[in-house]
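Source file protein-v7.txt; content: compact mmCIF, C-alpha atoms.
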# COMPACT_ATOMS: atom_id res chain seq x y z
CA ALA S 22 96.82 165.00 161.01
CA ALA S 23 98.78 162.96 163.50
CA ALA S 24 102.40 163.85 164.14
CA GLY S 25 103.54 160.37 163.15
CA GLU S 26 102.83 156.69 163.23
CA GLY S 27 104.90 153.84 164.55
CA ALA S 28 104.92 150.37 165.91
CA ALA S 29 103.15 149.79 169.21
CA THR S 30 105.44 150.10 172.19
CA GLY S 31 104.29 149.41 175.70
CA GLY S 32 100.62 149.83 174.82
CA SER S 33 100.96 153.15 172.89
CA ASP S 34 102.15 154.12 169.43
CA ALA S 35 104.45 156.95 168.36
CA SER S 36 101.57 159.33 167.67
CA ASP S 37 100.24 158.78 171.23
CA ASP S 38 103.71 159.44 172.64
CA GLY S 39 103.97 162.62 170.57
CA ALA S 40 100.59 163.82 171.82
CA CYS S 41 101.63 163.23 175.43
CA GLU S 42 104.91 165.08 174.88
CA ALA S 43 103.07 167.98 173.22
CA THR S 44 100.54 168.25 176.06
CA ALA S 45 103.25 168.18 178.73
CA LEU S 46 105.24 170.90 176.97
CA TYR S 47 102.11 173.00 176.40
CA GLU S 48 101.40 172.91 180.13
CA ARG S 49 104.98 173.98 180.92
CA LEU S 50 104.78 176.86 178.44
CA LEU S 51 101.38 177.99 179.70
CA SER S 52 102.42 178.03 183.36
CA HIS S 53 105.95 179.39 182.87
CA PRO S 54 106.56 182.45 185.11
CA ASP S 55 108.40 184.25 182.28
CA ARG S 56 105.78 183.53 179.63
CA ALA S 57 105.48 187.21 178.66
CA SER S 58 109.16 187.27 177.72
CA PHE S 59 108.76 184.69 174.94
CA LEU S 60 105.34 185.77 173.67
CA PRO S 61 105.94 189.36 172.54
CA GLY S 62 102.85 191.12 171.29
CA LEU S 63 100.47 189.22 173.60
CA ARG S 64 99.12 191.55 176.25
CA THR S 65 97.97 190.34 179.66
CA GLY S 66 95.61 191.63 182.34
CA LEU S 67 93.01 192.82 179.81
CA PRO S 68 89.23 192.93 180.29
CA ALA S 69 87.36 189.84 179.18
CA GLY S 70 86.68 189.77 175.46
CA THR S 71 89.65 192.00 174.55
CA ASP S 72 91.92 190.86 171.74
CA PRO S 73 95.24 190.06 173.46
CA LEU S 74 97.34 190.76 170.36
CA ASP S 75 98.91 194.18 170.01
CA LEU S 76 98.30 194.94 166.34
CA GLY S 77 100.32 198.14 166.32
CA SER S 78 103.98 197.27 166.19
CA PRO S 79 106.43 194.39 165.90
CA ALA S 80 108.02 193.22 169.12
CA GLN S 81 110.93 191.00 170.04
CA GLY S 82 111.35 188.65 172.98
CA ALA S 83 113.42 185.66 174.01
CA LEU S 84 112.89 182.13 175.26
CA PRO S 85 114.27 181.33 178.71
CA GLU S 86 117.04 178.75 178.48
CA ASP S 87 114.86 175.97 179.87
CA MET S 88 112.12 176.58 177.30
CA LEU S 89 114.59 176.83 174.42
CA THR S 90 116.03 173.47 175.44
CA ALA S 91 112.56 171.95 175.78
CA LEU S 92 111.33 173.27 172.42
CA ARG S 93 114.46 172.08 170.64
CA ALA S 94 113.95 168.60 172.05
CA ALA S 95 110.28 168.65 171.00
CA PHE S 96 111.29 169.67 167.48
CA ARG S 97 113.19 166.38 167.22
CA GLY S 98 116.45 167.87 168.45
CA GLY S 99 116.90 169.59 165.10
CA ASP S 100 116.90 166.29 163.16
CA LEU S 101 115.62 167.58 159.81
CA ALA S 102 114.74 164.18 158.38
CA ALA S 103 112.59 163.41 161.43
CA LEU S 104 110.99 166.85 161.32
CA LEU S 105 110.15 166.53 157.64
CA ALA S 106 108.42 163.25 158.42
CA ASP S 107 106.31 165.19 160.97
CA CYS S 108 105.18 167.70 158.34
CA ARG S 109 102.19 167.34 156.03
CA ARG S 110 101.21 168.57 152.60
CA ALA S 111 98.22 170.91 152.22
CA ASP S 112 95.97 167.89 151.62
CA GLY S 113 97.05 166.32 154.93
CA SER S 114 99.15 163.57 153.39
CA ALA S 115 102.59 162.70 154.72
CA HIS S 116 105.85 163.19 152.87
CA SER S 117 107.35 159.99 151.52
CA GLU S 118 110.96 159.03 152.20
CA GLU S 119 111.70 160.11 148.63
CA ASP S 120 110.09 163.50 149.34
CA VAL S 121 112.21 163.93 152.46
CA GLN S 122 115.44 163.19 150.60
CA SER S 123 114.43 165.52 147.78
CA LEU S 124 113.73 168.37 150.22
CA LEU S 125 117.07 167.86 151.96
CA HIS S 126 118.80 167.88 148.57
CA ASP S 127 117.07 171.15 147.66
CA LEU S 128 118.19 172.72 150.93
CA HIS S 129 121.83 171.67 150.79
CA GLU S 130 122.52 171.58 147.06
CA ARG S 131 120.25 174.29 145.65
CA GLY S 132 120.12 176.66 148.62
CA ALA S 133 116.33 176.50 148.69
CA THR S 134 114.33 177.49 151.76
CA LEU S 135 112.30 174.61 153.17
CA ASP S 136 108.75 175.95 153.44
CA LEU S 137 106.60 173.57 155.48
CA PRO S 138 103.57 175.40 156.88
CA PHE S 139 101.90 172.29 158.33
CA CYS S 140 104.18 170.87 161.01
CA TYR S 141 102.95 168.37 163.62
CA SER S 142 106.05 167.63 165.67
CA PRO S 143 105.43 167.60 169.44
CA GLY S 144 106.91 171.10 169.65
CA ALA S 145 104.66 172.44 166.91
CA ARG S 146 101.60 170.88 168.51
CA ALA S 147 102.52 172.35 171.90
CA LEU S 148 102.79 175.85 170.41
CA GLU S 149 99.49 175.40 168.60
CA LEU S 150 97.78 174.39 171.86
CA LEU S 151 99.36 177.32 173.70
CA LEU S 152 98.38 180.00 171.19
CA THR S 153 94.92 178.58 170.69
CA GLU S 154 94.39 178.74 174.45
CA LEU S 155 95.68 182.30 174.78
CA LEU S 156 94.05 183.79 171.70
CA GLY S 157 90.70 182.10 172.25
CA ALA S 158 87.95 183.28 169.91
CA HIS S 159 90.00 186.18 168.54
CA ARG S 160 91.66 184.09 165.82
CA HIS S 161 90.06 181.61 163.46
CA GLU S 162 92.96 179.18 163.64
CA VAL S 163 96.58 178.75 164.61
CA GLU S 164 99.04 177.06 162.28
CA VAL S 165 102.63 176.17 163.12
CA GLY S 166 105.12 175.77 160.30
CA LEU S 167 108.74 174.80 159.89
CA TYR S 168 111.09 177.02 157.89
CA VAL S 169 114.73 176.19 157.28
CA SER S 170 117.25 178.14 155.22
CA LEU S 171 120.99 178.39 154.80
CA SER S 172 123.05 181.57 154.83
CA ALA S 173 123.59 181.31 151.06
CA SER S 174 119.87 181.25 150.28
CA THR S 175 118.14 183.92 148.20
CA VAL S 176 117.09 187.13 149.93
CA ALA S 177 113.31 187.52 149.98
CA GLU S 178 111.64 190.50 148.36
CA TRP S 179 109.39 192.80 150.37
CA HIS S 180 105.96 191.31 150.96
CA ARG S 181 103.07 191.37 153.43
CA ASP S 182 101.70 188.20 155.03
CA ALA S 183 97.95 188.04 155.54
CA CYS S 184 98.32 186.81 159.13
CA ASP S 185 99.97 187.65 162.43
CA ASN S 186 103.35 185.95 162.84
CA LEU S 187 105.37 184.70 165.79
CA THR S 188 108.78 183.39 164.77
CA PHE S 189 110.76 181.22 167.19
CA GLN S 190 114.44 181.06 166.23
CA LEU S 191 115.46 177.66 167.58
CA TYR S 192 118.78 177.35 165.75
CA GLY S 193 121.13 179.61 163.85
CA ALA S 194 120.43 183.25 163.07
CA LYS S 195 118.26 185.30 160.74
CA ASP S 196 118.09 189.02 160.02
CA TRP S 197 114.69 190.58 159.47
CA ALA S 198 113.71 193.98 158.09
CA VAL S 199 110.28 195.36 159.02
CA ALA S 200 108.60 198.54 157.78
CA ARG S 201 105.19 200.15 158.09
CA ASP S 202 102.59 200.01 155.33
CA ALA S 203 101.84 203.62 154.50
CA THR S 204 98.49 202.73 152.95
CA GLU S 205 97.07 200.66 155.79
CA GLY S 206 99.02 201.95 158.78
CA ARG S 207 100.02 198.46 159.86
CA ALA S 208 103.43 196.89 160.08
CA TYR S 209 104.53 194.46 157.45
CA GLY S 210 107.73 192.54 157.17
CA VAL S 211 110.02 190.44 155.06
CA GLY S 212 109.91 186.93 156.46
CA GLY S 213 113.57 186.55 157.05
CA LEU S 214 115.96 188.12 154.59
CA PHE S 215 116.88 184.73 153.14
CA ASP S 216 113.36 183.37 152.56
CA ALA S 217 111.77 183.12 149.13
CA PRO S 218 107.98 183.72 148.90
CA ARG S 219 106.38 180.82 150.70
CA HIS S 220 103.12 180.44 148.76
CA ARG S 221 100.85 182.10 146.20
CA ALA S 222 99.38 184.46 148.80
CA ASP S 223 102.88 185.81 149.49
CA GLN S 224 103.43 186.44 145.80
CA LEU S 225 100.16 188.33 145.46
CA ALA S 226 100.90 190.34 148.60
CA ARG S 227 104.10 191.91 147.24
CA VAL S 228 104.40 195.55 148.23
CA ALA S 229 106.73 198.38 147.39
CA GLY S 230 109.54 198.07 149.89
CA VAL S 231 111.74 200.67 151.45
CA PRO S 232 115.54 200.93 151.48
CA LEU S 233 116.81 198.47 154.04
CA HIS S 234 118.64 201.20 155.94
CA GLU S 235 115.26 202.87 156.57
CA ALA S 236 113.59 199.71 157.90
CA ALA S 237 113.57 198.46 161.47
CA ARG S 238 116.06 195.62 161.73
CA HIS S 239 115.64 192.57 163.95
CA ALA S 240 118.64 190.29 164.31
CA LEU S 241 117.30 186.99 165.60
CA ARG S 242 119.69 184.63 167.33
CA GLU S 243 119.06 181.26 168.93
CA GLY S 244 116.22 181.57 171.40
CA ASP S 245 114.87 184.88 170.10
CA VAL S 246 111.19 185.39 169.25
CA LEU S 247 109.81 187.97 166.82
CA TYR S 248 106.17 189.09 166.56
CA VAL S 249 105.05 190.84 163.36
CA PRO S 250 101.39 191.87 163.18
Conversion result in C-alpha cells:
Amino acid sequence: AAAGEGAATGGSDASDDGACEATALYERLLSHPDRASFLPGLRTGLPAGTDPLDLGSPAQGALPEDMLTALRAAFRGGDLAALLADCRRADGSAHSEEDVQSLLHDLHERGATLDLPFCYSPGARALELLLTELLGAHRHEVEVGLYVSLSASTVAEWHRDACDNLTFQLYGAKDWAVARDATEGRAYGVGGLFDAPRHRADQLARVAGVPLHEAARHALREGDVLYVP
C-alpha cells in the first residue's frame, strides 16, 4: 500500500515524494558509519549465507543524534494524525478521517494503546527497506508498525511474540521487562509495560511470567533501540 495520496505538485504526487524520502533515508541508514550501534542483534562480518540475527539474547542500542532527528522527521515529526493517515488496516485499506479521530480519542480519553502494525510513513518504509536488505533471505518478510501509549495506559501481561522485534523509541520513554522461556530456551518479552495485547496471536501466546524483579529490565528513552529475539 502506498504511504499516502495527494494532489499533484510539480509533476509528482505525495506518495512519490514519500517514496523518494524513504529511499534517501534508507541509503543514509545503510551507509551510516555507526550502523551497528542502532541495530543491536544484527551481527556483521559473517560468512555468506549466515543468519545475521543473534537469536540468543536481547540487546540494546541507540540511534546517533543525526539518525534520531532524521527518523523523527520521516515519521511526520510526531504528528499523530498524519501518521495514522499513513497506516493501513490488515486488508490494506486506509483509515478514514473518522477512524483517525476515533483512534486519537481512544488514546487520550480511554488510555488505549494505538496498535498499528501496518505503517507506511517514509520512516517506516525506510526501515523496511533497510532490514529487508540486511536480513536478505533469512526472514520471510519485514513489517514496520506504529505503537503509541500514554503513561497511564494498562500494563501488558507477559506474552511471547512469534517474531523477532526491533523497537525504536522515537519519543518519550518505555520500560520493558524481558525473561527467558524455560521451555524453549529463547528470550521472550513483554512489549512495553504499558501495552495491551496487540492481536489474537499475542493473546494465544500468553506465557507464565516471572516476578518483575527477576526479569531483565530495559529502560528505553528517546533514541534507544531494543532487540528481542
Separation of atom CA of Val169 of chain S from atom CA of Asp112 of chain S in Å: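 Separating atom CA of Asp112 of chain S from atom CA of Val169 of chain S is a distance of 21.3 Å.
The spacing separating atom CA of Pro143 of chain S from atom CA of Leu101 of chain S amounts to 14.0 Å.
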Residues near segment 40-44 of chain S, cut-off 7 Å, only C-alpha atoms, skip fewer than 6 positions along chain, as a list in words: Pro143, Gly144, Arg146 and Ala147 of chain S
Residue among S:Gly113, S:Pro138, S:Pro85, S:Pro54 lying closest to Glu243 of chain S, counting only C-alpha atoms: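 Of S:Gly113, S:Pro138, S:Pro85, S:Pro54, the one nearest Glu243 of chain S, counting only C-alpha atoms, is S:Pro85.
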Contact residues around Leu135 of chain S with all atoms listed in the file at 9 Å, ignoring same-chain residues under 4 positions, as an MDAnalysis selection string: chainID S and resid 124:125 127:128 167:170 216 219
